[in-house]
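Here's the structure we're looking at; comments come further down.
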Amino acid sequence: EPEVTQTPSHQVTQMGQEVILRCVPISNHLYFYWYRQILGQKVEFLVSFYNNEISEKSEIFDDQFSVERPDGSNFTLKIRSTKLEDSAMYFCASSEAAGSWNEQFFGPGTRLTVL
Amino acid sequence: AQSVTQLGSHVSVSEGALVLLRCNYSSSVPPYLFWYVQYPNQGLQLLLKYTTGATLVKGINGFEAEFKKSETSFHLTKPSAHMSDAAEYFCAVGGQNFVFGPGTRLSVLP
């Protein structure tokens, strides 16, 4: 069964460093998303991406964040200069289409620890 | 704006007992509602969803949920808990992006 994959599973970085989190969405999906879950808190939307453009972003997704689909399979989230409060689990998701009824398929997540 | 609340951050049940996880939503448009489960160190897996039609929705692993518009609720139930049901459960409202509730951790006691 097709699934969303994410690498690495755990990333440890120093404050101020750049990190890139990688995702491979399901191959026939067109819409891609990043969510964040700070430990003990709820899953929060960061950004959605379609047709090589950001469709929507939340207040969390500030200038330190960027997303890219560098090739036909990968979807990346870059944090330019990490802060302690960026420590969280980051989930990538994809869906066949947009629309509130469409299931989003989630990857296993990348745990980011900023020291 | 859409929002989701889940009453009870932690619910404990005995094996074989009824599971009831509560979810209430706020939405200005007809909602599409989802329940996801997160097992330890894993991603989010869809349990079930309500889009239109029958208000009682059946999902995987014996779970079901009922959409009640008058109560703005979408509670998740399972008649008989199993040890393998221990996980975090998230209710979500669909939209351009999903809005998740805070989650309920289900513990199943032997």
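Lettering and numbering for the structure tokens are positional, with chains as A, B, ... in the shown order, residues counted from 1 in each chain, and ligands counted from 1 in the shown order.
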
Per residue of chain B within 8 Å of chain A, which atom pair is closest and at what distance in Å (one decimal), using only C-alpha atoms, listed by chain and increasing number, as JSON lines?
```
{"residue": "B:Pro31", "atom": "CA", "partner": "A:Ser100", "partner_atom": "CA", "distance": 7.8}
{"residue": "B:Tyr32", "atom": "CA", "partner": "A:Trp101", "partner_atom": "CA", "distance": 5.5}
{"residue": "B:Leu33", "atom": "CA", "partner": "A:Trp101", "partner_atom": "CA", "distance": 8.0}
{"residue": "B:Asn41", "atom": "CA", "partner": "A:Pro108", "partner_atom": "CA", "distance": 7.5}
{"residue": "B:Gln42", "atom": "CA", "partner": "A:Pro108", "partner_atom": "CA", "distance": 4.9}
{"residue": "B:Gly43", "atom": "CA", "partner": "A:Pro108", "partner_atom": "CA", "distance": 3.6}
{"residue": "B:Leu44", "atom": "CA", "partner": "A:Phe106", "partner_atom": "CA", "distance": 5.6}
{"residue": "B:Gln45", "atom": "CA", "partner": "A:Phe106", "partner_atom": "CA", "distance": 7.0}
{"residue": "B:Leu46", "atom": "CA", "partner": "A:Phe105", "partner_atom": "CA", "distance": 7.8}
{"residue": "B:Thr51", "atom": "CA", "partner": "A:Trp101", "partner_atom": "CA", "distance": 5.7}
{"residue": "B:Val93", "atom": "CA", "partner": "A:Ser100", "partner_atom": "CA", "distance": 7.8}
{"residue": "B:Gly94", "atom": "CA", "partner": "A:Ser100", "partner_atom": "CA", "distance": 4.3}
{"residue": "B:Gly95", "atom": "CA", "partner": "A:Ser100", "partner_atom": "CA", "distance": 3.6}
{"residue": "B:Gln96", "atom": "CA", "partner": "A:Gly99", "partner_atom": "CA", "distance": 5.8}
{"residue": "B:Asn97", "atom": "CA", "partner": "A:Phe45", "partner_atom": "CA", "distance": 6.8}
{"residue": "B:Phe98", "atom": "CA", "partner": "A:Phe45", "partner_atom": "CA", "distance": 6.9}
{"residue": "B:Val99", "atom": "CA", "partner": "A:Phe45", "partner_atom": "CA", "distance": 7.1}
{"residue": "B:Phe100", "atom": "CA", "partner": "A:Val43", "partner_atom": "CA", "distance": 5.9}
{"residue": "B:Gly101", "atom": "CA", "partner": "A:Lys42", "partner_atom": "CA", "distance": 6.3}
{"residue": "B:Pro102", "atom": "CA", "partner": "A:Lys42", "partner_atom": "CA", "distance": 4.3}
{"residue": "B:Gly103", "atom": "CA", "partner": "A:Lys42", "partner_atom": "CA", "distance": 6.4}
```

I need the chosen residues saved as a PDB file, in the first residue's frame, with N, CA, C and O atoms.
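Below is the file result_20.pdb, written as the result:
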```pdb
ATOM      1  N   PRO B  31     -19.446  20.442   8.138  1.00  0.00           N
ATOM      2  CA  PRO B  31     -18.097  19.924   8.404  1.00  0.00           C
ATOM      3  C   PRO B  31     -17.852  18.566   7.779  1.00  0.00           C
ATOM      4  O   PRO B  31     -18.763  17.770   7.592  1.00  0.00           O
ATOM      5  N   TYR B  32     -16.613  18.343   7.456  1.00  0.00           N
ATOM      6  CA  TYR B  32     -16.145  17.005   7.157  1.00  0.00           C
ATOM      7  C   TYR B  32     -15.218  16.623   8.310  1.00  0.00           C
ATOM      8  O   TYR B  32     -14.288  17.362   8.628  1.00  0.00           O
ATOM      9  N   LEU B  33     -15.493  15.496   8.928  1.00  0.00           N
ATOM     10  CA  LEU B  33     -14.867  15.172  10.198  1.00  0.00           C
ATOM     11  C   LEU B  33     -14.071  13.879  10.094  1.00  0.00           C
ATOM     12  O   LEU B  33     -14.474  12.941   9.408  1.00  0.00           O
ATOM     13  N   ASN B  41       5.451   6.496  18.401  1.00  0.00           N
ATOM     14  CA  ASN B  41       6.535   6.627  17.421  1.00  0.00           C
ATOM     15  C   ASN B  41       6.086   6.366  15.988  1.00  0.00           C
ATOM     16  O   ASN B  41       6.897   5.970  15.139  1.00  0.00           O
ATOM     17  N   GLN B  42       4.818   6.574  15.722  1.00  0.00           N
ATOM     18  CA  GLN B  42       4.316   6.402  14.362  1.00  0.00           C
ATOM     19  C   GLN B  42       3.569   7.652  13.925  1.00  0.00           C
ATOM     20  O   GLN B  42       3.345   8.583  14.708  1.00  0.00           O
ATOM     21  N   GLY B  43       3.197   7.659  12.648  1.00  0.00           N
ATOM     22  CA  GLY B  43       2.454   8.790  12.108  1.00  0.00           C
ATOM     23  C   GLY B  43       0.974   8.669  12.413  1.00  0.00           C
ATOM     24  O   GLY B  43       0.547   7.873  13.235  1.00  0.00           O
ATOM     25  N   LEU B  44       0.203   9.493  11.743  1.00  0.00           N
ATOM     26  CA  LEU B  44      -1.234   9.542  11.946  1.00  0.00           C
ATOM     27  C   LEU B  44      -1.924   8.624  10.934  1.00  0.00           C
ATOM     28  O   LEU B  44      -1.711   8.751   9.738  1.00  0.00           O
ATOM     29  N   GLN B  45      -2.773   7.746  11.442  1.00  0.00           N
ATOM     30  CA  GLN B  45      -3.482   6.802  10.587  1.00  0.00           C
ATOM     31  C   GLN B  45      -4.971   7.101  10.655  1.00  0.00           C
ATOM     32  O   GLN B  45      -5.532   7.265  11.744  1.00  0.00           O
ATOM     33  N   LEU B  46      -5.608   7.158   9.493  1.00  0.00           N
ATOM     34  CA  LEU B  46      -7.037   7.454   9.470  1.00  0.00           C
ATOM     35  C   LEU B  46      -7.835   6.279  10.022  1.00  0.00           C
ATOM     36  O   LEU B  46      -7.667   5.140   9.589  1.00  0.00           O
ATOM     37  N   THR B  51     -18.242  12.446   5.689  1.00  0.00           N
ATOM     38  CA  THR B  51     -18.333  13.500   4.680  1.00  0.00           C
ATOM     39  C   THR B  51     -19.792  13.868   4.485  1.00  0.00           C
ATOM     40  O   THR B  51     -20.233  14.943   4.895  1.00  0.00           O
ATOM     41  N   VAL B  93     -11.206  18.460  11.806  1.00  0.00           N
ATOM     42  CA  VAL B  93     -12.161  19.012  10.843  1.00  0.00           C
ATOM     43  C   VAL B  93     -11.419  19.242   9.542  1.00  0.00           C
ATOM     44  O   VAL B  93     -10.355  19.891   9.537  1.00  0.00           O
ATOM     45  N   GLY B  94     -11.959  18.741   8.455  1.00  0.00           N
ATOM     46  CA  GLY B  94     -11.313  18.916   7.168  1.00  0.00           C
ATOM     47  C   GLY B  94     -11.579  20.279   6.589  1.00  0.00           C
ATOM     48  O   GLY B  94     -12.559  20.927   6.917  1.00  0.00           O
ATOM     49  N   GLY B  95     -10.680  20.675   5.743  1.00  0.00           N
ATOM     50  CA  GLY B  95     -10.812  21.959   5.072  1.00  0.00           C
ATOM     51  C   GLY B  95      -9.646  22.101   4.131  1.00  0.00           C
ATOM     52  O   GLY B  95      -9.034  21.113   3.737  1.00  0.00           O
ATOM     53  N   GLN B  96      -9.329  23.320   3.757  1.00  0.00           N
ATOM     54  CA  GLN B  96      -8.135  23.541   2.952  1.00  0.00           C
ATOM     55  C   GLN B  96      -6.928  22.957   3.681  1.00  0.00           C
ATOM     56  O   GLN B  96      -5.988  22.447   3.091  1.00  0.00           O
ATOM     57  N   ASN B  97      -6.956  23.090   4.980  1.00  0.00           N
ATOM     58  CA  ASN B  97      -6.028  22.353   5.827  1.00  0.00           C
ATOM     59  C   ASN B  97      -6.822  21.775   6.991  1.00  0.00           C
ATOM     60  O   ASN B  97      -7.935  22.218   7.258  1.00  0.00           O
ATOM     61  N   PHE B  98      -6.275  20.797   7.606  1.00  0.00           N
ATOM     62  CA  PHE B  98      -6.981  20.143   8.697  1.00  0.00           C
ATOM     63  C   PHE B  98      -6.763  20.905   9.996  1.00  0.00           C
ATOM     64  O   PHE B  98      -5.666  21.371  10.277  1.00  0.00           O
ATOM     65  N   VAL B  99      -7.813  20.990  10.788  1.00  0.00           N
ATOM     66  CA  VAL B  99      -7.711  21.536  12.138  1.00  0.00           C
ATOM     67  C   VAL B  99      -7.909  20.378  13.099  1.00  0.00           C
ATOM     68  O   VAL B  99      -8.955  19.724  13.088  1.00  0.00           O
ATOM     69  N   PHE B 100      -6.902  20.140  13.905  1.00  0.00           N
ATOM     70  CA  PHE B 100      -6.919  19.004  14.807  1.00  0.00           C
ATOM     71  C   PHE B 100      -7.334  19.415  16.211  1.00  0.00           C
ATOM     72  O   PHE B 100      -7.063  20.526  16.666  1.00  0.00           O
ATOM     73  N   GLY B 101      -7.959  18.485  16.900  1.00  0.00           N
ATOM     74  CA  GLY B 101      -8.170  18.653  18.321  1.00  0.00           C
ATOM     75  C   GLY B 101      -6.889  18.341  19.075  1.00  0.00           C
ATOM     76  O   GLY B 101      -5.901  17.890  18.483  1.00  0.00           O
ATOM     77  N   PRO B 102      -6.883  18.557  20.378  1.00  0.00           N
ATOM     78  CA  PRO B 102      -5.669  18.381  21.174  1.00  0.00           C
ATOM     79  C   PRO B 102      -5.281  16.932  21.393  1.00  0.00           C
ATOM     80  O   PRO B 102      -4.174  16.657  21.854  1.00  0.00           O
ATOM     81  N   GLY B 103      -6.185  16.010  21.080  1.00  0.00           N
ATOM     82  CA  GLY B 103      -5.855  14.600  21.237  1.00  0.00           C
ATOM     83  C   GLY B 103      -6.316  14.035  22.572  1.00  0.00           C
ATOM     84  O   GLY B 103      -6.425  14.750  23.578  1.00  0.00           O
TER      85      GLY B 103
END
```

All strand (DSSP E or B) positions in chain B, as a VMD selection string: chain B and resid 3 to 5 10 to 14 19 to 21 24 to 26 33 to 38 44 to 50 56 to 58 64 to 68 73 to 78 87 to 93 99 to 100 104 to 109

Given the selection you just returned, output its residues as a file containing C-alpha atoms, formatted as a PDB file, in the first residue's frame.
```pdb
ATOM      1  CA  SER B   3     -12.044  24.483  15.874  1.00  0.00           C
ATOM      2  CA  VAL B   4     -12.100  21.103  17.562  1.00  0.00           C
ATOM      3  CA  THR B   5     -12.245  20.215  21.220  1.00  0.00           C
ATOM      4  CA  HIS B  10      -6.433  10.922  28.941  1.00  0.00           C
ATOM      5  CA  VAL B  11      -9.000   8.146  29.078  1.00  0.00           C
ATOM      6  CA  SER B  12      -8.422   4.772  30.747  1.00  0.00           C
ATOM      7  CA  VAL B  13     -10.645   1.758  30.178  1.00  0.00           C
ATOM      8  CA  SER B  14     -10.401  -1.894  31.065  1.00  0.00           C
ATOM      9  CA  VAL B  19     -14.437   3.057  24.585  1.00  0.00           C
ATOM     10  CA  LEU B  20     -15.910   6.550  24.242  1.00  0.00           C
ATOM     11  CA  LEU B  21     -13.726   9.419  23.072  1.00  0.00           C
ATOM     12  CA  ASN B  24     -16.936  18.557  19.487  1.00  0.00           C
ATOM     13  CA  TYR B  25     -16.363  20.902  16.618  1.00  0.00           C
ATOM     14  CA  SER B  26     -17.122  24.401  15.526  1.00  0.00           C
ATOM     15  CA  LEU B  33     -14.867  15.172  10.198  1.00  0.00           C
ATOM     16  CA  PHE B  34     -12.053  12.732  10.718  1.00  0.00           C
ATOM     17  CA  TRP B  35     -10.600  10.583  13.448  1.00  0.00           C
ATOM     18  CA  TYR B  36      -6.912   9.724  13.304  1.00  0.00           C
ATOM     19  CA  VAL B  37      -4.965   7.405  15.560  1.00  0.00           C
ATOM     20  CA  GLN B  38      -1.295   7.770  16.443  1.00  0.00           C
ATOM     21  CA  LEU B  44      -1.234   9.542  11.946  1.00  0.00           C
ATOM     22  CA  GLN B  45      -3.482   6.802  10.587  1.00  0.00           C
ATOM     23  CA  LEU B  46      -7.037   7.454   9.470  1.00  0.00           C
ATOM     24  CA  LEU B  47      -9.620   5.574  11.522  1.00  0.00           C
ATOM     25  CA  LEU B  48     -12.746   6.893   9.861  1.00  0.00           C
ATOM     26  CA  LYS B  49     -14.301   9.946   8.310  1.00  0.00           C
ATOM     27  CA  TYR B  50     -17.651  11.584   7.860  1.00  0.00           C
ATOM     28  CA  LEU B  56     -23.014   6.677  11.760  1.00  0.00           C
ATOM     29  CA  VAL B  57     -19.646   5.927  10.273  1.00  0.00           C
ATOM     30  CA  LYS B  58     -17.732   2.701  10.687  1.00  0.00           C
ATOM     31  CA  GLU B  64     -17.301   3.896  14.777  1.00  0.00           C
ATOM     32  CA  ALA B  65     -18.390   7.483  15.206  1.00  0.00           C
ATOM     33  CA  GLU B  66     -21.683   9.285  14.942  1.00  0.00           C
ATOM     34  CA  PHE B  67     -22.086  12.772  13.533  1.00  0.00           C
ATOM     35  CA  LYS B  68     -24.673  14.732  15.490  1.00  0.00           C
ATOM     36  CA  SER B  73     -20.307  16.290  18.049  1.00  0.00           C
ATOM     37  CA  PHE B  74     -18.479  13.400  16.452  1.00  0.00           C
ATOM     38  CA  HIS B  75     -17.730  11.020  19.303  1.00  0.00           C
ATOM     39  CA  LEU B  76     -15.673   7.884  18.689  1.00  0.00           C
ATOM     40  CA  THR B  77     -16.755   4.582  20.163  1.00  0.00           C
ATOM     41  CA  LYS B  78     -15.733   0.949  20.252  1.00  0.00           C
ATOM     42  CA  ALA B  87      -2.756   5.119  21.421  1.00  0.00           C
ATOM     43  CA  GLU B  88      -3.380   8.832  20.948  1.00  0.00           C
ATOM     44  CA  TYR B  89      -6.570   9.713  19.105  1.00  0.00           C
ATOM     45  CA  PHE B  90      -7.114  12.959  17.229  1.00  0.00           C
ATOM     46  CA  CYS B  91     -10.351  14.371  15.930  1.00  0.00           C
ATOM     47  CA  ALA B  92     -10.018  16.758  12.996  1.00  0.00           C
ATOM     48  CA  VAL B  93     -12.161  19.012  10.843  1.00  0.00           C
ATOM     49  CA  VAL B  99      -7.711  21.536  12.138  1.00  0.00           C
ATOM     50  CA  PHE B 100      -6.919  19.004  14.807  1.00  0.00           C
ATOM     51  CA  THR B 104      -6.942  12.002  23.761  1.00  0.00           C
ATOM     52  CA  ARG B 105      -4.565   9.376  25.033  1.00  0.00           C
ATOM     53  CA  LEU B 106      -6.330   6.049  25.478  1.00  0.00           C
ATOM     54  CA  SER B 107      -4.934   3.570  27.969  1.00  0.00           C
ATOM     55  CA  VAL B 108      -6.306   0.042  28.126  1.00  0.00           C
ATOM     56  CA  LEU B 109      -5.886  -1.758  31.415  1.00  0.00           C
TER      57      LEU B 109
END
```

Atom CA of Val114 of chain A to atom CA of Val19 of chain A, straight-line distance in Å: 10.0 Å

Can you tell me, as a PyMOL selection string, what residues are no more than 8 Å from segment 10-16 of chain A when counting only C-alpha atoms, ignoring any on the same chain fewer than 5 positions away? chain A and resi 80-84+110-115

Interatomic distance (Å, one decimal) between atom CA of Tyr50 of chain A and atom CA of Leu30 of chain A: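 Separation of atom CA of Tyr50 of chain A and atom CA of Leu30 of chain A: 6.3 Å.
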
Which of segment 9-94 of chain B fall in helix (DSSP H, G or I), as a PyMOL selection string: chain B and resi 60-62+83-85

For the residues selected in the previous step, produce a file with N, CA and C atoms as a PDB file, in the first residue's frame.
```pdb
ATOM      1  N   ILE B  60     -11.917   1.442  10.823  1.00  0.00           N
ATOM      2  CA  ILE B  60     -11.090   0.254  11.002  1.00  0.00           C
ATOM      3  C   ILE B  60     -11.024  -0.139  12.470  1.00  0.00           C
ATOM      4  N   ASN B  61     -10.607  -1.356  12.704  1.00  0.00           N
ATOM      5  CA  ASN B  61     -10.375  -1.868  14.064  1.00  0.00           C
ATOM      6  C   ASN B  61     -11.618  -1.822  14.955  1.00  0.00           C
ATOM      7  N   GLY B  62     -12.800  -1.857  14.371  1.00  0.00           N
ATOM      8  CA  GLY B  62     -14.033  -1.914  15.148  1.00  0.00           C
ATOM      9  C   GLY B  62     -14.528  -0.589  15.693  1.00  0.00           C
ATOM     10  N   MET B  83      -6.181  -4.340  24.088  1.00  0.00           N
ATOM     11  CA  MET B  83      -4.895  -3.757  24.513  1.00  0.00           C
ATOM     12  C   MET B  83      -4.231  -2.986  23.376  1.00  0.00           C
ATOM     13  N   SER B  84      -4.405  -3.475  22.168  1.00  0.00           N
ATOM     14  CA  SER B  84      -3.755  -2.847  21.018  1.00  0.00           C
ATOM     15  C   SER B  84      -4.381  -1.499  20.648  1.00  0.00           C
ATOM     16  N   ASP B  85      -5.486  -1.135  21.287  1.00  0.00           N
ATOM     17  CA  ASP B  85      -6.111   0.168  21.023  1.00  0.00           C
ATOM     18  C   ASP B  85      -5.415   1.310  21.751  1.00  0.00           C
TER      19      ASP B  85
END
```

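The coordinates place atom CA of Ile26 of chain A at 14.5 Å from atom CA of Thr7 of chain A.
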